[in-house]
Amino acid sequence: MPPAGWRQRADAAVARGAAVDRLIPRMLLDSPVSEFGARAGTAFGFVWGTLWSTGRVERRQGLWVFRGMPEWTFGRGGVCVGSCFLTGDREPSERILTHEAVHARQWRRYGLLMPLLYLIAGRDPLRNRFEIDAGLADGNYIPRHAESR
């Protein structure tokens, strides 16, 4: 169960993220510039996945899914880089892929700003606007019933 008050902190994180977005020049968001950055991220993810994946590589929900990655090559249960989802040996669920597909859309919105903005948002998924927007329950950060409260 998530800690008490998590929803208020999550809402505040999303509001802070919206304030940060207002400071970013429009030409960098949802633009040819961000699309270039998303493609560069995908190229990097594809190369990284090709180098280290020992499992099946497949296309699901618009993502290149690289399985069998060594744990040190990705964070938590997996990482989305551009349109590539890099993960370990376990078969990702459709819910996880739905969550990761939102991260791929975030890459298209922010381009190469995405890694920096994600870093600024922090490692706590309950306070990270990108994880909140992608769906905490789908990302297995909170129980499904807790998100609807």
# chains A, B, ... in the order shown; residues from 1 in each chain; ligands from 1
call {"tool": "residues_around", "arguments": {"residues": "Gly139 (chain A)", "least_positions_apart": "6", "cutoff": "12 Å", "atoms": "only C-alpha atoms", "output": "list in words"}}
result
Arg76, Gly77, Gly78, Val79, Cys80, Pro92, Ser93, Glu94, Arg95, Ile96, Leu97, Thr98, His99, Glu100, Ala101, Val102, His103, Pro125, Leu126, Phe130, Glu131, Ile132, Asp133 and Glu147 of chain A
call {"tool": "closest_atom_pairs", "arguments": {"of": "region 58-123 of chain A", "to": "region 20-31 of chain A", "cutoff": "7 Å", "atoms": "only C-alpha atoms", "output": "Markdown table"}}
result
| residue | atom | partner | partner_atom | distance |
| --- | --- | --- | --- | --- |
| A:Arg108 | CA | A:Asp30 | CA | 6.5 |
| A:Arg109 | CA | A:Asp30 | CA | 4.3 |
| A:Tyr110 | CA | A:Leu29 | CA | 5.4 |
call {"tool": "write_last_selection", "arguments": {"atoms": "N, CA and C atoms", "output": "CSV table (one decimal), in the first residue's frame"}}
result
chain,number,residue,atom,x,y,z
A,108,ARG,N,8.6,11.5,-27.3
A,108,ARG,CA,8.2,12.3,-28.5
A,108,ARG,C,7.9,13.7,-28.1
A,109,ARG,N,7.3,13.9,-27.0
A,109,ARG,CA,7.0,15.3,-26.5
A,109,ARG,C,8.2,16.1,-26.2
A,110,TYR,N,9.1,15.5,-25.4
A,110,TYR,CA,10.3,16.2,-24.8
A,110,TYR,C,11.6,16.0,-25.6
call {"tool": "residues_around", "arguments": {"residues": "Gly17 (chain A)", "least_positions_apart": "4", "cutoff": "10 Å", "atoms": "only C-alpha atoms", "output": "mmCIF file with N, CA and C atoms, in the first residue's frame"}}
result
data_model
loop_
_atom_site.group_PDB
_atom_site.id
_atom_site.type_symbol
_atom_site.label_atom_id
_atom_site.label_comp_id
_atom_site.auth_asym_id
_atom_site.auth_seq_id
_atom_site.Cartn_x
_atom_site.Cartn_y
_atom_site.Cartn_z
ATOM 1 N N ASP A 11 -0.111 14.738 -6.985
ATOM 2 C CA ASP A 11 -0.770 15.857 -7.667
ATOM 3 C C ASP A 11 0.130 17.090 -7.687
ATOM 4 N N ALA A 12 0.828 17.332 -6.584
ATOM 5 C CA ALA A 12 1.748 18.473 -6.513
ATOM 6 C C ALA A 12 2.908 18.284 -7.495
ATOM 7 N N ALA A 13 3.398 17.063 -7.634
ATOM 8 C CA ALA A 13 4.494 16.795 -8.569
ATOM 9 C C ALA A 13 4.055 17.050 -10.003
ATOM 10 N N ASP A 21 7.102 22.835 -17.648
ATOM 11 C CA ASP A 21 6.795 22.798 -19.083
ATOM 12 C C ASP A 21 6.526 24.198 -19.636
ATOM 13 N N ARG A 22 5.923 25.064 -18.826
ATOM 14 C CA ARG A 22 5.634 26.425 -19.293
ATOM 15 C C ARG A 22 6.918 27.232 -19.515
ATOM 16 N N LEU A 117 14.848 15.967 -17.688
ATOM 17 C CA LEU A 117 13.615 16.245 -16.940
ATOM 18 C C LEU A 117 13.250 15.083 -16.014
ATOM 19 N N ILE A 120 15.503 15.280 -12.986
ATOM 20 C CA ILE A 120 15.041 16.351 -12.101
ATOM 21 C C ILE A 120 13.791 15.921 -11.333
ATOM 22 N N ALA A 121 12.913 15.154 -11.980
ATOM 23 C CA ALA A 121 11.677 14.697 -11.333
ATOM 24 C C ALA A 121 11.958 13.736 -10.182
ATOM 25 N N ASN A 128 7.371 11.405 -9.060
ATOM 26 C CA ASN A 128 7.928 11.630 -10.386
ATOM 27 C C ASN A 128 6.772 11.794 -11.372
ATOM 28 N N ARG A 129 6.647 12.989 -11.921
ATOM 29 C CA ARG A 129 5.492 13.282 -12.778
ATOM 30 C C ARG A 129 5.390 12.375 -13.988
ATOM 31 N N PHE A 130 6.514 11.897 -14.481
ATOM 32 C CA PHE A 130 6.487 11.027 -15.654
ATOM 33 C C PHE A 130 5.919 9.652 -15.303
#
call {"tool": "select_by_dssp", "arguments": {"residues": "chain A", "states": "alpha helix (DSSP H)", "output": "VMD selection string"}}
result
chain A and resid 6 to 23 32 to 52 94 to 110 114 to 121 129 to 134 144 to 147
call {"tool": "write_last_selection", "arguments": {"atoms": "C-alpha atoms", "output": "compact mmCIF listing (two decimals), in the first residue's frame"}}
result
# COMPACT_ATOMS: atom_id res chain seq x y z
CA TRP A 6 0.81 10.01 -1.61
CA ARG A 7 -2.00 11.27 -3.86
CA GLN A 8 -1.55 14.90 -2.73
CA ARG A 9 2.21 14.66 -3.25
CA ALA A 10 1.66 13.10 -6.67
CA ASP A 11 -0.77 15.86 -7.67
CA ALA A 12 1.75 18.47 -6.51
CA ALA A 13 4.49 16.79 -8.57
CA VAL A 14 2.33 16.87 -11.69
CA ALA A 15 1.53 20.56 -11.07
CA ARG A 16 5.25 21.35 -10.65
CA GLY A 17 5.92 19.51 -13.91
CA ALA A 18 3.31 21.61 -15.71
CA ALA A 19 5.02 24.75 -14.37
CA VAL A 20 8.38 23.50 -15.69
CA ASP A 21 6.80 22.80 -19.08
CA ARG A 22 5.63 26.43 -19.29
CA LEU A 23 9.30 27.50 -19.07
CA PRO A 32 10.33 18.36 -35.17
CA VAL A 33 13.11 19.10 -32.64
CA SER A 34 11.57 16.78 -30.02
CA GLU A 35 10.80 14.17 -32.69
CA PHE A 36 14.47 14.19 -33.67
CA GLY A 37 15.39 13.70 -30.00
CA ALA A 38 12.93 10.83 -29.64
CA ARG A 39 14.41 9.16 -32.72
CA ALA A 40 17.92 9.65 -31.36
CA GLY A 41 16.79 8.10 -28.06
CA THR A 42 15.27 5.18 -29.94
CA ALA A 43 18.48 4.70 -31.92
CA PHE A 44 20.50 4.68 -28.69
CA GLY A 45 18.02 2.27 -27.04
CA PHE A 46 18.11 0.00 -30.08
CA VAL A 47 21.90 -0.15 -30.08
CA TRP A 48 22.05 -0.67 -26.29
CA GLY A 49 19.40 -3.38 -26.50
CA THR A 50 21.12 -5.08 -29.42
CA LEU A 51 24.43 -5.11 -27.56
CA TRP A 52 23.11 -6.57 -24.30
CA GLU A 94 0.26 -5.66 -21.23
CA ARG A 95 -0.18 -3.21 -18.33
CA ILE A 96 3.57 -2.64 -18.11
CA LEU A 97 3.73 -2.12 -21.87
CA THR A 98 0.84 0.35 -21.68
CA HIS A 99 2.83 2.24 -19.01
CA GLU A 100 6.00 2.15 -21.11
CA ALA A 101 4.14 3.28 -24.24
CA VAL A 102 3.23 6.47 -22.33
CA HIS A 103 6.94 6.97 -21.64
CA ALA A 104 7.59 6.62 -25.40
CA ARG A 105 4.99 9.36 -26.01
CA GLN A 106 6.78 11.47 -23.38
CA TRP A 107 9.99 10.98 -25.35
CA ARG A 108 8.20 12.26 -28.47
CA ARG A 109 6.97 15.32 -26.53
CA TYR A 110 10.27 16.21 -24.84
CA MET A 114 13.42 13.72 -21.44
CA PRO A 115 16.42 12.19 -19.58
CA LEU A 116 17.23 15.52 -17.91
CA LEU A 117 13.61 16.24 -16.94
CA TYR A 118 13.20 12.69 -15.65
CA LEU A 119 16.34 13.07 -13.53
CA ILE A 120 15.04 16.35 -12.10
CA ALA A 121 11.68 14.70 -11.33
CA ARG A 129 5.49 13.28 -12.78
CA PHE A 130 6.49 11.03 -15.65
CA GLU A 131 5.72 7.86 -13.69
CA ILE A 132 2.49 9.37 -12.35
CA ASP A 133 1.36 10.36 -15.86
CA ALA A 134 2.26 6.89 -17.20
CA ARG A 144 -4.49 -1.10 -8.88
CA HIS A 145 -7.25 -0.18 -6.43
CA ALA A 146 -5.15 2.60 -4.83
CA GLU A 147 -4.85 4.69 -8.01
call {"tool": "atom_distance", "arguments": {"atom1": "CA of Gly111 (chain A)", "atom2": "CA of Gly88 (chain A)"}}
result
25.0 Å
call {"tool": "closest_residue", "arguments": {"among": "A:Phe74, A:Tyr141, A:Glu91, A:Gly82", "to": "Gly62 (chain A)", "atoms": "only C-alpha atoms"}}
result
A:Gly82
call {"tool": "atom_distance", "arguments": {"atom1": "CA of Cys84 (chain A)", "atom2": "CA of Trp64 (chain A)"}}
result
4.5 Å
call {"tool": "closest_residue", "arguments": {"among": "A:Met1, A:Leu86, A:Val65, A:Val81", "to": "Leu112 (chain A)", "atoms": "only C-alpha atoms"}}
result
A:Val81
call {"tool": "select_by_dssp", "arguments": {"residues": "chain A", "states": "strand (DSSP E or B)", "output": "list of chain:residue names"}}
result
A:Val57, A:Glu58, A:Arg59, A:Arg60, A:Leu63, A:Trp64, A:Val65, A:Phe66, A:Gly78, A:Val79, A:Cys80, A:Val81, A:Cys84, A:Phe85, A:Leu86, A:Thr87
call {"tool": "residues_around", "arguments": {"residues": "Asp89 (chain A)", "least_positions_apart": "2", "cutoff": "7 Å", "atoms": "only C-alpha atoms", "output": "ChimeraX atom specification"}}
result
/A:55,67-68,87,91
call {"tool": "decode", "arguments": {"residues": "region 13-44 of chain A", "atoms": "N, CA and C atoms", "output": "tab-separated table (two decimals), in the first residue's frame"}}
result
chain	number	residue	atom	x	y	z
A	13	ALA	N	3.40	17.06	-7.63
A	13	ALA	CA	4.49	16.79	-8.57
A	13	ALA	C	4.06	17.05	-10.00
A	14	VAL	N	2.85	16.64	-10.34
A	14	VAL	CA	2.33	16.87	-11.69
A	14	VAL	C	2.16	18.38	-11.94
A	15	ALA	N	1.69	19.10	-10.93
A	15	ALA	CA	1.53	20.56	-11.07
A	15	ALA	C	2.90	21.24	-11.25
A	16	ARG	N	3.90	20.79	-10.49
A	16	ARG	CA	5.25	21.35	-10.65
A	16	ARG	C	5.78	21.06	-12.06
A	17	GLY	N	5.50	19.87	-12.57
A	17	GLY	CA	5.92	19.51	-13.91
A	17	GLY	C	5.27	20.40	-14.96
A	18	ALA	N	4.00	20.71	-14.77
A	18	ALA	CA	3.31	21.61	-15.71
A	18	ALA	C	3.94	23.00	-15.68
A	19	ALA	N	4.35	23.44	-14.49
A	19	ALA	CA	5.02	24.75	-14.37
A	19	ALA	C	6.36	24.73	-15.10
A	20	VAL	N	7.10	23.63	-14.98
A	20	VAL	CA	8.38	23.50	-15.69
A	20	VAL	C	8.13	23.53	-17.20
A	21	ASP	N	7.10	22.83	-17.65
A	21	ASP	CA	6.80	22.80	-19.08
A	21	ASP	C	6.53	24.20	-19.64
A	22	ARG	N	5.92	25.06	-18.83
A	22	ARG	CA	5.63	26.43	-19.29
A	22	ARG	C	6.92	27.23	-19.52
A	23	LEU	N	8.02	26.81	-18.91
A	23	LEU	CA	9.30	27.50	-19.07
A	23	LEU	C	10.08	27.02	-20.30
A	24	ILE	N	9.67	25.90	-20.87
A	24	ILE	CA	10.36	25.32	-22.02
A	24	ILE	C	9.82	25.96	-23.29
A	25	PRO	N	10.71	26.47	-24.14
A	25	PRO	CA	10.22	27.07	-25.39
A	25	PRO	C	9.37	26.07	-26.19
A	26	ARG	N	8.25	26.57	-26.70
A	26	ARG	CA	7.29	25.73	-27.44
A	26	ARG	C	7.96	24.98	-28.59
A	27	MET	N	8.97	25.58	-29.20
A	27	MET	CA	9.60	24.93	-30.35
A	27	MET	C	10.32	23.63	-29.96
A	28	LEU	N	10.49	23.39	-28.65
A	28	LEU	CA	11.17	22.18	-28.20
A	28	LEU	C	10.20	21.06	-27.80
A	29	LEU	N	8.91	21.38	-27.70
A	29	LEU	CA	7.92	20.40	-27.26
A	29	LEU	C	7.01	19.99	-28.41
A	30	ASP	N	6.78	18.69	-28.54
A	30	ASP	CA	5.88	18.21	-29.60
A	30	ASP	C	6.21	18.86	-30.94
A	31	SER	N	7.46	18.80	-31.32
A	31	SER	CA	7.92	19.52	-32.50
A	31	SER	C	8.88	18.64	-33.29
A	32	PRO	N	9.29	19.11	-34.44
A	32	PRO	CA	10.33	18.36	-35.17
A	32	PRO	C	11.62	18.21	-34.35
A	33	VAL	N	11.92	19.18	-33.49
A	33	VAL	CA	13.11	19.10	-32.64
A	33	VAL	C	12.95	17.95	-31.65
A	34	SER	N	11.79	17.86	-30.99
A	34	SER	CA	11.57	16.78	-30.02
A	34	SER	C	11.46	15.43	-30.73
A	35	GLU	N	10.89	15.42	-31.93
A	35	GLU	CA	10.80	14.17	-32.69
A	35	GLU	C	12.20	13.66	-33.04
A	36	PHE	N	13.08	14.57	-33.42
A	36	PHE	CA	14.47	14.19	-33.67
A	36	PHE	C	15.09	13.58	-32.41
A	37	GLY	N	14.87	14.22	-31.27
A	37	GLY	CA	15.39	13.70	-30.00
A	37	GLY	C	14.84	12.34	-29.66
A	38	ALA	N	13.55	12.13	-29.90
A	38	ALA	CA	12.93	10.83	-29.64
A	38	ALA	C	13.53	9.76	-30.54
A	39	ARG	N	13.79	10.12	-31.79
A	39	ARG	CA	14.41	9.16	-32.72
A	39	ARG	C	15.85	8.86	-32.31
A	40	ALA	N	16.55	9.87	-31.84
A	40	ALA	CA	17.92	9.65	-31.36
A	40	ALA	C	17.90	8.74	-30.13
A	41	GLY	N	16.93	8.97	-29.22
A	41	GLY	CA	16.79	8.10	-28.06
A	41	GLY	C	16.49	6.67	-28.47
A	42	THR	N	15.60	6.52	-29.45
A	42	THR	CA	15.27	5.18	-29.94
A	42	THR	C	16.49	4.51	-30.55
A	43	ALA	N	17.26	5.27	-31.31
A	43	ALA	CA	18.48	4.70	-31.92
A	43	ALA	C	19.45	4.24	-30.82
A	44	PHE	N	19.62	5.07	-29.79
A	44	PHE	CA	20.50	4.68	-28.69
A	44	PHE	C	19.95	3.43	-27.99
